[in-house]
Amino acid sequence: MDKIVRLFYVVFIALSLFSRFFVYYSDSSLHIYFLDVGQGDAILIQTPDHKFVLIDGGPDSKVLSELGEVLPFWVRKLDLVLLTHPDADHLTGLTDVLATYNVEAVMTTSITKETGIFKVFVRLIEEENIENRFVNSSSDFTFGCCVHFDFLWPMAATNLDEVEPINNTSIVISLSYGDFKAFLAGDIESAIEQKLVKLYDLDANFLKVSHHGSKTSSTEDFLEDIDADVAFISVGKDNKFDHPKQEVLERLNLHNIQVFRTDVAGRIELTIKENTYNVDCEKTCNGP
Amino acid sequence: MFRWIFLRIFFFINRLSSLPLLSFSSSFIVGIVLSQNFLSSLIFWIGLGLTLAVISKFVLKRGKIALFFILALAGVVFGALRFNYYQDLYDSSWIKENWDSEVSIEAVVAKEPSVKGLNTQYVLKRLDPGPSNSKFGYILLSISRFPEYSYGDKLTVSGVLEEPEVFDEFSYKEYLKTQEIIGKIDNAYVGKTGTAGNPLFAALYEFKSHIKSEIRKLLPEPHASLLLGILLGVKSGMPKEFSDSLANTGTTHIIAVSGYNVTIILAFLTGFSKRMGRRLTLYISGLFLILFLIIVGPDNAPALRATIMGLLLILSGNLGRRQEMMTSLLFIAGLMIFQNPFIFKSISFQLTFASTIGLVVLSKKIENFITQRLSLIGSDFIPTFCAIVATLPITIGNFSTFSTISLIVNIFVLPVIPLIMLVGFILIFSSLLSRVLSLVPVFLVFLLLDYVIKLINYFGGLEFATITISQARFLPYLVYGLLLVVFIDSSYKKYINRYG
């Protein structure tokens, strides 16, 4: 009797392990997770060839729990961590990430900030011997098999020390995969949005709304140029800034853009496969 | 060699003839309890009266019991005196005198720091000169996580020293008092000026820190935090959502180092004694406990208590009778309370104490019950069941949100805990040797932890999971007080039968 029970346990464990492996490795879609880290940003990208990019880490350690739920437990390595700008609501979680995950490379701008948390960030990069690359608009690259990172801001020629406020030094990325484009706006404000409208043809299917839906961003011209179908807002429940602002939500509505927000939906998963896409929410996808 | 020493001490205690020791220890504890809950000036009279009432029952019915009577009286008075002395230290401390004022002090980080969300909490001991009786107590400093300080760092701290709050349902002030923390400072200017503190402790905490970061690298969250909680009682860094789920399902105790975890492991190990022989089990258990204590941190009071109780259990588990073990337990408990009388109000102490006694008293009865009625569950479950039953008055009496599903969840979660602890410790050792070696334990422990986490998250999210009841803080005292009286009474009967 005992032996049968034991055999059962072993078989059960083996099956559960193999099924996890199987499901994971047979999946060849692009996944973009807008992690639910509260009032901050953290975006995890899983490429079709199973590489991982984490863009920003949120304002606290919540990003670790989110990664714990999204990544298979045997994945302890992140191929790339990208910090758009060194504000605490984007940076803090990355210190925990650097300390617990095996990070291959880090990309930031050359901007520094005189805060305790930024010093820890820099120290961890040194201690863990991680390659830290400063990027700008000339740093475009294709990640893994087929995901292209097009850096739109800051420009190579920009003197970052003269840019105010620090939000406007954010790395802005246009991510393309197959026929789809996702625009990740960091925390840029209207001044930079205007510059980008003039410099580029900003067309994209998906938009990560800048600065958690603050009214200093997401201007009319900008939204018009992007012409997105879906927008994602990473924002904390009952945050003290009242993000996202009603006027921004109305503008998005006027342009017929479907909006998903993390304070309502929890973690949001955008899956792109060949020529279709799908949005899944941890809680409810429907806005308030 | 340690075993030899410990056995000698144990036999010495027993040779003192249990009953007088039993009465002294228990009345000492009663004295402390009464002092805590009533005006201390009344204590002599109330204590006197109570003891007289209880004893007079025996006096009238039996013959000479002068020794018993005197010891009981002495115990209560001694308890009251000790408590009053301690209370005076608290009242005359510098910290209390400076509540709600701006201070600038030099202090050393006296315990292992604890991360809570975006802040880290440091327990500080003042280094400023002054009369020794005003130096009593610690200050709890709560500041941003970065920059980080460690055990033993000497700091200058400038800020507002506050009296801890007292809420309706919970007195933060009383809770901190059980750890001898008298005041708190939130937000301060802090500068490091050097290091002090015990270098041995510093090295141990360094080692513990290394273990924590290794585990965090091997497992995702909240698995890593849960494992560290179960193994080492580390609550620092636990994701808030998960600790809320633990609270809602009444399973927070699995991450508290208490008699629970230790007795379970020991019961588990003594199961091996049939195969390995008593001596080997004794040595392994003793070694294990000492290693455990080292890693958790010797000044971690709950761990220390659990370890001592545990050691006592193993050594006497194969020797002595129930009554003698009770006496020894009460005596040890009395010693701990003597060292810090405020400890009696600490829930962690109460749980350790109650679960160990529960194991001693109840295991035979529960074993019979289970083998007769519920043979399906198996004998592994007995120690945990004893612990649950024995600590019920405490959990019900103190936590105003009573978890309705707590029993169900605990039944499914607790049997897995010893296994998690076993594989977890194997994982720690193997990770210290090599990463590759730890792959198998990692996978096993991940599955076990995942099972526990999914269970707790599921039940924790259910709407009917908790019901609010008004606190019945007197309940534990009532239940245990009655049980103690019954026990002393039956012990007394046996004493009289044997010695006339």
# chains A, B, ... in the order shown; residues from 1 in each chain; ligands from 1

$ residues_around --residues "A:Asn167" --least-positions-apart "2" --cutoff "7 Å" --atoms "only C-alpha atoms" --output "VMD selection string"
chain A and resid 85 165 169 to 170 187 to 188

$ select_by_dssp --residues "stretch 122-203 of chain B" --states "alpha helix (DSSP H)" --output "list in words"
Tyr172, Lys173, Glu174, Tyr175, Leu176, Lys177, Pro199, Leu200, Phe201, Ala202 and Ala203 of chain B

$ interface_residues --of "chain A" --to "chain B" --cutoff "9 Å" --atoms "only C-alpha atoms" --output "PyMOL selection string"
chain A and resi 13+17+59-62+64-69+71-76+99-102+115-117+119-120

$ residues_around --residues "stretch 202-214 of chain A" --least-positions-apart "4" --cutoff "9 Å" --atoms "only C-alpha atoms" --output "MDAnalysis selection string"
chainID A and resid 34 39:41 167 174:176 180:189 196:197 218 222 224:236 241:246 248:249

$ closest_residue --among "B:Ala196, B:Val190, B:Leu246, B:Leu432" --to "B:Tyr151" --atoms "only C-alpha atoms"
B:Ala196

$ closest_residue --among "A:Arg6, A:Ile45, A:Leu35, A:Ala105" --to "A:Cys281" --atoms "only C-alpha atoms"
A:Leu35

$ residues_around --residues "B:Gln179" --least-positions-apart "5" --cutoff "9 Å" --atoms "only C-alpha atoms" --output "PyMOL selection string"
chain B and resi 137-138+301+340+342-343+346

$ write_last_selection --atoms "N, CA, C and O atoms" --output "PDB file, in the first residue's frame"
ATOM      1  N   GLY B 137      16.029  49.350  28.426  1.00  0.00           N
ATOM      2  CA  GLY B 137      15.130  49.421  27.281  1.00  0.00           C
ATOM      3  C   GLY B 137      15.777  49.776  25.958  1.00  0.00           C
ATOM      4  O   GLY B 137      16.913  50.224  25.886  1.00  0.00           O
ATOM      5  N   TYR B 138      15.003  49.545  24.906  1.00  0.00           N
ATOM      6  CA  TYR B 138      15.458  49.806  23.555  1.00  0.00           C
ATOM      7  C   TYR B 138      14.558  50.810  22.860  1.00  0.00           C
ATOM      8  O   TYR B 138      13.442  51.076  23.293  1.00  0.00           O
ATOM      9  N   ALA B 301      14.764  35.915  20.932  1.00  0.00           N
ATOM     10  CA  ALA B 301      14.163  35.292  22.109  1.00  0.00           C
ATOM     11  C   ALA B 301      13.211  34.140  21.794  1.00  0.00           C
ATOM     12  O   ALA B 301      13.295  33.099  22.428  1.00  0.00           O
ATOM     13  N   ASN B 340      12.826  38.268  32.052  1.00  0.00           N
ATOM     14  CA  ASN B 340      12.087  39.401  31.499  1.00  0.00           C
ATOM     15  C   ASN B 340      10.601  39.241  31.799  1.00  0.00           C
ATOM     16  O   ASN B 340       9.888  38.598  31.050  1.00  0.00           O
ATOM     17  N   PHE B 342       8.097  40.990  31.448  1.00  0.00           N
ATOM     18  CA  PHE B 342       7.112  41.483  30.487  1.00  0.00           C
ATOM     19  C   PHE B 342       6.792  40.429  29.442  1.00  0.00           C
ATOM     20  O   PHE B 342       5.824  40.539  28.716  1.00  0.00           O
ATOM     21  N   ILE B 343       7.674  39.430  29.364  1.00  0.00           N
ATOM     22  CA  ILE B 343       7.518  38.427  28.329  1.00  0.00           C
ATOM     23  C   ILE B 343       6.204  37.689  28.412  1.00  0.00           C
ATOM     24  O   ILE B 343       5.719  37.156  27.418  1.00  0.00           O
ATOM     25  N   SER B 346       3.770  38.356  25.866  1.00  0.00           N
ATOM     26  CA  SER B 346       4.129  38.151  24.473  1.00  0.00           C
ATOM     27  C   SER B 346       3.436  36.906  23.948  1.00  0.00           C
ATOM     28  O   SER B 346       3.539  35.825  24.516  1.00  0.00           O
TER      29      SER B 346
END

$ atom_distance --atom1 "atom CA of A:Ile257" --atom2 "atom CA of A:Lys195"
22.5 Å

$ atom_distance --atom1 "atom CA of A:Val147" --atom2 "atom CA of A:Asp27"
15.6 Å

$ decode --residues "stretch 33-174 of chain A" --atoms "C-alpha atoms" --output "mmCIF file, in the first residue's frame"
data_model
loop_
_atom_site.group_PDB
_atom_site.id
_atom_site.type_symbol
_atom_site.label_atom_id
_atom_site.label_comp_id
_atom_site.auth_asym_id
_atom_site.auth_seq_id
_atom_site.Cartn_x
_atom_site.Cartn_y
_atom_site.Cartn_z
ATOM 1 C CA TYR A 33 3.368 41.944 -19.181
ATOM 2 C CA PHE A 34 2.400 45.243 -17.578
ATOM 3 C CA LEU A 35 3.147 44.194 -14.009
ATOM 4 C CA ASP A 36 0.949 45.340 -11.165
ATOM 5 C CA VAL A 37 3.480 47.168 -9.026
ATOM 6 C CA GLY A 38 1.244 49.936 -7.776
ATOM 7 C CA GLN A 39 2.120 53.572 -8.496
ATOM 8 C CA GLY A 40 5.043 52.900 -10.820
ATOM 9 C CA ASP A 41 6.108 51.071 -13.968
ATOM 10 C CA ALA A 42 7.441 47.589 -14.551
ATOM 11 C CA ILE A 43 7.142 45.870 -17.906
ATOM 12 C CA LEU A 44 8.326 42.328 -18.580
ATOM 13 C CA ILE A 45 8.855 41.205 -22.156
ATOM 14 C CA GLN A 46 9.085 37.511 -22.979
ATOM 15 C CA THR A 47 10.279 36.994 -26.532
ATOM 16 C CA PRO A 48 9.177 34.065 -28.727
ATOM 17 C CA ASP A 49 12.590 32.512 -28.217
ATOM 18 C CA HIS A 50 12.228 32.729 -24.433
ATOM 19 C CA LYS A 51 14.431 35.679 -23.622
ATOM 20 C CA PHE A 52 13.432 38.168 -20.962
ATOM 21 C CA VAL A 53 13.634 41.945 -20.795
ATOM 22 C CA LEU A 54 12.507 43.901 -17.752
ATOM 23 C CA ILE A 55 11.834 47.590 -18.249
ATOM 24 C CA ASP A 56 11.729 49.398 -14.896
ATOM 25 C CA GLY A 57 11.027 47.789 -11.513
ATOM 26 C CA GLY A 58 8.298 49.752 -9.783
ATOM 27 C CA PRO A 59 8.409 51.594 -6.430
ATOM 28 C CA ASP A 60 9.017 48.619 -4.115
ATOM 29 C CA SER A 61 9.660 44.870 -3.915
ATOM 30 C CA LYS A 62 6.292 43.944 -5.383
ATOM 31 C CA VAL A 63 7.999 43.344 -8.724
ATOM 32 C CA LEU A 64 9.602 40.218 -7.239
ATOM 33 C CA SER A 65 6.208 38.654 -6.478
ATOM 34 C CA GLU A 66 5.005 39.588 -9.962
ATOM 35 C CA LEU A 67 8.051 38.013 -11.569
ATOM 36 C CA GLY A 68 7.516 34.986 -9.334
ATOM 37 C CA GLU A 69 4.057 34.543 -10.775
ATOM 38 C CA VAL A 70 4.923 35.148 -14.396
ATOM 39 C CA LEU A 71 8.289 33.456 -14.825
ATOM 40 C CA PRO A 72 8.593 29.666 -14.633
ATOM 41 C CA PHE A 73 10.287 28.858 -11.367
ATOM 42 C CA TRP A 74 13.441 27.537 -13.003
ATOM 43 C CA VAL A 75 14.082 30.826 -14.787
ATOM 44 C CA ARG A 76 16.436 32.834 -12.592
ATOM 45 C CA LYS A 77 18.056 34.815 -15.385
ATOM 46 C CA LEU A 78 16.966 38.035 -17.031
ATOM 47 C CA ASP A 79 18.703 38.822 -20.293
ATOM 48 C CA LEU A 80 18.239 42.554 -20.040
ATOM 49 C CA VAL A 81 17.120 45.100 -17.473
ATOM 50 C CA LEU A 82 16.351 48.573 -18.715
ATOM 51 C CA LEU A 83 15.894 51.636 -16.526
ATOM 52 C CA THR A 84 14.045 54.410 -18.330
ATOM 53 C CA HIS A 85 15.004 57.062 -15.787
ATOM 54 C CA PRO A 86 16.181 57.014 -12.139
ATOM 55 C CA ASP A 87 12.975 58.085 -10.390
ATOM 56 C CA ALA A 88 12.135 55.954 -7.362
ATOM 57 C CA ASP A 89 8.827 54.684 -8.757
ATOM 58 C CA HIS A 90 10.729 53.082 -11.631
ATOM 59 C CA LEU A 91 14.014 52.241 -9.930
ATOM 60 C CA THR A 92 13.392 50.878 -6.450
ATOM 61 C CA GLY A 93 12.214 47.398 -7.437
ATOM 62 C CA LEU A 94 15.234 46.960 -9.694
ATOM 63 C CA THR A 95 17.563 46.861 -6.694
ATOM 64 C CA ASP A 96 15.742 43.752 -5.458
ATOM 65 C CA VAL A 97 15.758 42.319 -8.961
ATOM 66 C CA LEU A 98 19.516 42.787 -9.340
ATOM 67 C CA ALA A 99 20.084 41.126 -5.987
ATOM 68 C CA THR A 100 17.960 38.056 -6.635
ATOM 69 C CA TYR A 101 17.977 37.407 -10.364
ATOM 70 C CA ASN A 102 20.935 36.761 -12.582
ATOM 71 C CA VAL A 103 20.933 39.844 -14.838
ATOM 72 C CA GLU A 104 23.035 39.705 -17.996
ATOM 73 C CA ALA A 105 23.010 43.369 -18.956
ATOM 74 C CA VAL A 106 21.609 46.708 -17.870
ATOM 75 C CA MET A 107 20.707 49.639 -20.103
ATOM 76 C CA THR A 108 20.243 53.173 -18.801
ATOM 77 C CA THR A 109 20.897 56.728 -19.858
ATOM 78 C CA SER A 110 23.969 58.491 -18.537
ATOM 79 C CA ILE A 111 21.842 60.479 -16.094
ATOM 80 C CA THR A 112 22.569 60.031 -12.392
ATOM 81 C CA LYS A 113 20.590 60.944 -9.296
ATOM 82 C CA GLU A 114 21.873 61.767 -5.832
ATOM 83 C CA THR A 115 19.594 59.403 -3.955
ATOM 84 C CA GLY A 116 20.389 56.468 -1.674
ATOM 85 C CA ILE A 117 18.504 54.104 -3.917
ATOM 86 C CA PHE A 118 20.389 55.106 -7.048
ATOM 87 C CA LYS A 119 23.691 54.615 -5.261
ATOM 88 C CA VAL A 120 22.620 51.121 -4.261
ATOM 89 C CA PHE A 121 21.596 50.425 -7.865
ATOM 90 C CA VAL A 122 25.013 51.440 -9.169
ATOM 91 C CA ARG A 123 26.786 49.521 -6.427
ATOM 92 C CA LEU A 124 24.842 46.343 -7.214
ATOM 93 C CA ILE A 125 25.707 46.604 -10.901
ATOM 94 C CA GLU A 126 29.370 46.817 -9.966
ATOM 95 C CA GLU A 127 29.226 44.039 -7.384
ATOM 96 C CA GLU A 128 27.381 41.634 -9.664
ATOM 97 C CA ASN A 129 29.697 42.514 -12.534
ATOM 98 C CA ILE A 130 26.864 43.368 -14.884
ATOM 99 C CA GLU A 131 27.491 45.119 -18.163
ATOM 100 C CA ASN A 132 25.942 48.588 -18.029
ATOM 101 C CA ARG A 133 25.351 50.260 -21.370
ATOM 102 C CA PHE A 134 24.314 53.878 -21.813
ATOM 103 C CA VAL A 135 21.805 54.070 -24.622
ATOM 104 C CA ASN A 136 20.258 56.720 -26.824
ATOM 105 C CA SER A 137 18.494 56.970 -30.165
ATOM 106 C CA SER A 138 21.437 55.431 -31.990
ATOM 107 C CA SER A 139 21.415 52.252 -29.900
ATOM 108 C CA ASP A 140 18.688 50.400 -31.815
ATOM 109 C CA PHE A 141 19.025 46.626 -31.806
ATOM 110 C CA THR A 142 17.119 43.442 -32.473
ATOM 111 C CA PHE A 143 16.666 41.262 -29.432
ATOM 112 C CA GLY A 144 16.854 37.516 -29.846
ATOM 113 C CA CYS A 145 15.177 36.290 -33.003
ATOM 114 C CA CYS A 146 12.732 38.899 -33.899
ATOM 115 C CA VAL A 147 11.919 41.685 -31.476
ATOM 116 C CA HIS A 148 13.274 45.034 -32.566
ATOM 117 C CA PHE A 149 14.012 47.818 -30.077
ATOM 118 C CA ASP A 150 13.949 51.240 -31.698
ATOM 119 C CA PHE A 151 15.132 53.907 -29.259
ATOM 120 C CA LEU A 152 13.446 57.215 -30.027
ATOM 121 C CA TRP A 153 14.609 59.290 -27.085
ATOM 122 C CA PRO A 154 16.966 60.666 -25.823
ATOM 123 C CA MET A 155 18.754 61.705 -28.992
ATOM 124 C CA ALA A 156 22.464 60.997 -29.252
ATOM 125 C CA ALA A 157 23.158 64.699 -29.369
ATOM 126 C CA THR A 158 20.964 65.641 -26.367
ATOM 127 C CA ASN A 159 22.775 67.045 -23.368
ATOM 128 C CA LEU A 160 20.859 65.274 -20.634
ATOM 129 C CA ASP A 161 22.092 67.548 -17.863
ATOM 130 C CA GLU A 162 20.145 70.387 -19.441
ATOM 131 C CA VAL A 163 16.885 68.482 -19.660
ATOM 132 C CA GLU A 164 14.284 69.304 -17.019
ATOM 133 C CA PRO A 165 12.572 67.629 -15.269
ATOM 134 C CA ILE A 166 14.164 64.207 -14.993
ATOM 135 C CA ASN A 167 11.031 62.600 -16.473
ATOM 136 C CA ASN A 168 12.027 64.100 -19.795
ATOM 137 C CA THR A 169 15.234 62.070 -19.850
ATOM 138 C CA SER A 170 13.197 58.847 -20.017
ATOM 139 C CA ILE A 171 14.176 56.256 -22.574
ATOM 140 C CA VAL A 172 11.376 56.001 -25.140
ATOM 141 C CA ILE A 173 11.105 52.767 -27.091
ATOM 142 C CA SER A 174 9.197 51.682 -30.141
#
